[in-house]
Amino acid sequence: MTDTKITSIDDTTLEISGSVPADVFDGHYKKATNEFISKTELKGFRKGNAPEDLVIKEVGEQVILERAINLALSDAWPQIIEEHSIDAIGRPEFQITKVAKSNPLEWKATVATLPEITLPDYAAIAKEIKDRETGEIKVSEKEIDDAIEWIRKSREKDGKLPEVNEEFVKSLGDFKDIAALRDMLKSNLESEKRVKDREPIRVAILTAIREKAPFPIPAPLLASEQERMMAELRSTVERIGKTWEEYVTEVKKSEEEIKAELSEEAERRAAFSLLLQTIAKDAEITATNEEMETRVQGMLSGYPEEQRKQIDQHQLHEYVYGVIMNDKVFTLLEGGTKTA
């Protein structure tokens, strides 16, 4: 790769131009030609044995050139990304400016990139939010009574509820008495409340950090988040027994209108995702192979053997990596000890 030129179009878009030397491009052209030779059948020749000139005439030189271009750019692009440390998002849009056999391949491309984020003192911001928002977790006696009542109803037989006595308590587990059961229920209810209260606090922390560090959201990232939210909505609609067409008719909105309504939340999600990645990098947080494998196997154990075979392992590992990293960042923000 020679003469690579990089120009910033805006905060999240680069224009990159470059060329592939003639001898290198000829090598890709030869490889493309051989690919077509191997799969082209011509009368009088066995598959893969037709002469090159006849194959080119049959397939068309333009088709082979297009394949050679794809091979050349697929080879060159990763090198450019690594050499210039470009945090690219999604696929680049290429424009070929010159192409011919025995000539350099000249091109330019536009690509979205991650924005530069100057982090504020996120630990101090998180502490301030947490101290302000976190209150004492209280569980009332009525809530414990309601939990016991729910357990009684779940064990109803012939229209009769079991009495809350020693026999009932022991049937639920290794409890010494009713007081021990109530202590366990109180502890569980406190944990549930703590988890429920945690989400709005996390949102408040990330919102406050972003207010101190505004940055643009790359268009491909926003579009990807909107598509993900549309997929989630479709899945929800299907779970309640409706078709997507029925839902669209019921809400009296077009698919584009529904997507537009999701744009604000999609922008927020994308921003939070970028913040979490940036904080993880700043704090030098990583996910170990052991952590990855434990979490992956734990998730796979919940699926039957046949379903496991159909799961995209690459996507699963990417998802698990994101979950582990986000968990560690939130542990850091919420005042825990950072684990690298």
# chains A, B, ... in the order shown; residues from 1 in each chain; ligands from 1
>>> select_by_dssp(residues="range 93-132 of chain A", states="strand (DSSP E or B)", output="list of chain:residue names")
A:Glu93, A:Phe94, A:Gln95, A:Ile96, A:Thr97, A:Lys98, A:Leu105, A:Glu106, A:Trp107, A:Lys108, A:Ala109, A:Thr110, A:Val111, A:Ala112, A:Thr113
>>> residues_around(residues="Lys30 in chain A", least_positions_apart="3", cutoff="10 Å", atoms="only C-alpha atoms", output="list of chain:residue names")
A:Val24, A:Phe25, A:Asp26, A:Gly27, A:Thr33, A:Asn34, A:Glu35, A:Glu52, A:Ile64, A:Leu65, A:Ala68
>>> write_last_selection(atoms="N, CA and C atoms", output="tab-separated table (two decimals), in the first residue's frame")
chain	number	residue	atom	x	y	z
A	24	VAL	N	1.05	-5.72	-7.50
A	24	VAL	CA	0.19	-6.34	-6.47
A	24	VAL	C	-1.21	-6.54	-7.02
A	25	PHE	N	-1.73	-5.54	-7.73
A	25	PHE	CA	-3.07	-5.67	-8.30
A	25	PHE	C	-3.11	-6.77	-9.36
A	26	ASP	N	-2.04	-6.90	-10.14
A	26	ASP	CA	-2.00	-7.98	-11.13
A	26	ASP	C	-2.05	-9.35	-10.45
A	27	GLY	N	-1.45	-9.43	-9.27
A	27	GLY	CA	-1.52	-10.69	-8.52
A	27	GLY	C	-2.95	-11.01	-8.11
A	33	THR	N	-8.91	-14.54	-11.61
A	33	THR	CA	-9.05	-15.34	-12.83
A	33	THR	C	-9.04	-16.83	-12.51
A	34	ASN	N	-8.11	-17.24	-11.65
A	34	ASN	CA	-8.01	-18.66	-11.28
A	34	ASN	C	-9.27	-19.14	-10.56
A	35	GLU	N	-9.88	-18.26	-9.77
A	35	GLU	CA	-11.13	-18.62	-9.10
A	35	GLU	C	-12.21	-18.96	-10.12
A	52	GLU	N	-7.40	-19.96	-19.98
A	52	GLU	CA	-7.67	-18.67	-19.33
A	52	GLU	C	-8.38	-17.70	-20.24
A	64	ILE	N	-14.27	-10.10	-13.74
A	64	ILE	CA	-13.02	-10.52	-13.11
A	64	ILE	C	-12.32	-9.32	-12.46
A	65	LEU	N	-12.38	-8.18	-13.12
A	65	LEU	CA	-11.80	-6.97	-12.53
A	65	LEU	C	-12.47	-6.62	-11.21
A	68	ALA	N	-11.22	-8.87	-8.61
A	68	ALA	CA	-9.84	-8.52	-8.26
A	68	ALA	C	-9.82	-7.28	-7.35
>>> atom_distance(atom1="CA of Lys127 in chain A", atom2="CA of Lys186 in chain A")
27.2 Å
>>> residues_around(residues="Ala100 in chain A", least_positions_apart="3", cutoff="10 Å", atoms="only C-alpha atoms", output="ChimeraX atom specification")
/A:22,25-26,29,62,65,103-106
>>> write_last_selection(atoms="C-alpha atoms", output="short mmCIF file (atom, residue, chain, number, x, y, z; two decimals), in the first residue's frame")
data_model
loop_
_atom_site.label_atom_id
_atom_site.label_comp_id
_atom_site.auth_asym_id
_atom_site.auth_seq_id
_atom_site.Cartn_x
_atom_site.Cartn_y
_atom_site.Cartn_z
CA ALA A 22 0.34 -2.47 -10.35
CA PHE A 25 -3.07 -5.67 -8.30
CA ASP A 26 -2.00 -7.98 -11.13
CA TYR A 29 -6.32 -10.21 -10.94
CA GLN A 62 -15.24 -6.56 -16.07
CA LEU A 65 -11.80 -6.97 -12.53
CA ASN A 103 -1.85 -0.43 -13.62
CA PRO A 104 -2.13 0.70 -10.01
CA LEU A 105 -5.62 0.41 -8.53
CA GLU A 106 -6.58 3.85 -7.23
#
>>> residues_around(residues="Ala88 in chain A", least_positions_apart="3", cutoff="10 Å", atoms="only C-alpha atoms", output="ChimeraX atom specification")
/A:12-14,81,85,91-92,111-115
>>> write_last_selection(atoms="N, CA and C atoms", output="compact mmCIF listing (two decimals), in the first residue's frame")
# COMPACT_ATOMS: atom_id res chain seq x y z
N THR A 12 -16.50 12.42 13.09
CA THR A 12 -16.60 10.95 13.10
C THR A 12 -16.51 10.34 11.70
N THR A 13 -16.02 11.09 10.71
CA THR A 13 -15.92 10.57 9.35
C THR A 13 -14.57 10.92 8.73
N LEU A 14 -13.93 9.92 8.16
CA LEU A 14 -12.66 10.11 7.46
C LEU A 14 -12.83 9.79 5.98
N ILE A 81 -6.01 0.20 8.45
CA ILE A 81 -6.62 0.38 9.77
C ILE A 81 -5.58 0.22 10.88
N SER A 85 -3.90 3.27 12.99
CA SER A 85 -4.66 3.20 14.26
C SER A 85 -6.03 3.88 14.14
N ARG A 91 -18.56 -0.89 7.73
CA ARG A 91 -17.85 -1.08 6.48
C ARG A 91 -17.61 0.28 5.80
N PRO A 92 -16.44 0.44 5.16
CA PRO A 92 -16.19 1.69 4.43
C PRO A 92 -16.95 1.71 3.11
N VAL A 111 -15.25 6.43 5.77
CA VAL A 111 -15.52 5.48 6.85
C VAL A 111 -15.84 6.23 8.13
N ALA A 112 -16.80 5.71 8.88
CA ALA A 112 -17.14 6.29 10.18
C ALA A 112 -16.13 5.81 11.22
N THR A 113 -15.82 6.67 12.18
CA THR A 113 -14.86 6.33 13.22
C THR A 113 -15.42 6.68 14.59
N LEU A 114 -14.83 6.07 15.59
CA LEU A 114 -15.22 6.39 16.96
C LEU A 114 -14.83 7.83 17.27
N PRO A 115 -15.68 8.56 17.96
CA PRO A 115 -15.33 9.94 18.32
C PRO A 115 -14.28 9.96 19.43
>>> residues_around(residues="range 128-141 of chain A", least_positions_apart="5", cutoff="8 Å", atoms="only C-alpha atoms", output="PyMOL selection string")
chain A and resi 186+189-190+193-194+201+204-205+334
>>> write_last_selection(atoms="C-alpha atoms", output="CSV table (one decimal), in the first residue's frame")
chain,number,residue,atom,x,y,z
A,186,LYS,CA,-36.3,-10.2,54.0
A,189,LEU,CA,-36.5,-8.8,49.1
A,190,GLU,CA,-33.7,-6.4,50.0
A,193,LYS,CA,-34.9,-3.9,45.6
A,194,ARG,CA,-31.2,-3.2,45.4
A,201,ILE,CA,-28.6,5.0,39.3
A,204,ALA,CA,-27.9,8.8,36.1
A,205,ILE,CA,-24.2,8.2,36.4
A,334,GLU,CA,-20.3,2.0,41.9
>>> residues_around(residues="range 228-244 of chain A", least_positions_apart="5", cutoff="8 Å", atoms="only C-alpha atoms", output="number ranges by chain")
A: 259, 262, 266
>>> write_last_selection(atoms="C-alpha atoms", output="PDB file, in the first residue's frame")
ATOM      1  CA  LYS A 259     -37.983   3.791  13.955  1.00  0.00           C
ATOM      2  CA  LEU A 262     -36.817   5.108  18.791  1.00  0.00           C
ATOM      3  CA  ALA A 266     -31.080   4.640  20.368  1.00  0.00           C
TER       4      ALA A 266
END
>>> atom_distance(atom1="CA of Asp282 in chain A", atom2="CA of Met325 in chain A")
12.5 Å
>>> closest_residue(among="A:Arg46, A:His28, A:Arg268, A:Lys98", to="Ile69 in chain A", atoms="only C-alpha atoms")
A:His28
>>> closest_residue(among="A:Val296, A:Ala50, A:Asp75, A:Val20", to="Thr97 in chain A", atoms="only C-alpha atoms")
A:Val20
>>> closest_residue(among="A:Gly322, A:Ile117, A:Pro200, A:Asp23", to="Ser102 in chain A", atoms="only C-alpha atoms")
A:Asp23
>>> residues_around(residues="Leu206 in chain A", least_positions_apart="3", cutoff="8 Å", atoms="only C-alpha atoms", output="VMD selection string")
chain A and resid 202 to 203 209 to 210 272 275
>>> write_last_selection(atoms="N, CA and C atoms", output="compact mmCIF listing (two decimals), in the first residue's frame")
# COMPACT_ATOMS: atom_id res chain seq x y z
N ARG A 202 -27.40 3.76 37.59
CA ARG A 202 -26.41 3.60 36.53
C ARG A 202 -26.69 4.57 35.38
N VAL A 203 -27.96 4.70 35.03
CA VAL A 203 -28.35 5.63 33.97
C VAL A 203 -27.98 7.05 34.37
N ILE A 209 -21.95 11.81 33.36
CA ILE A 209 -20.62 11.78 32.74
C ILE A 209 -20.70 12.35 31.33
N ARG A 210 -21.73 11.97 30.60
CA ARG A 210 -21.85 12.46 29.22
C ARG A 210 -22.07 13.97 29.17
N PHE A 272 -24.04 5.67 25.70
CA PHE A 272 -23.64 4.94 26.90
C PHE A 272 -22.65 3.83 26.54
N LEU A 275 -19.30 5.38 26.02
CA LEU A 275 -18.72 5.80 27.30
C LEU A 275 -18.15 4.61 28.07
>>> closest_residue(among="A:Ala260, A:Leu332, A:Ile96, A:Val169", to="Ile285 in chain A", atoms="only C-alpha atoms")
A:Leu332
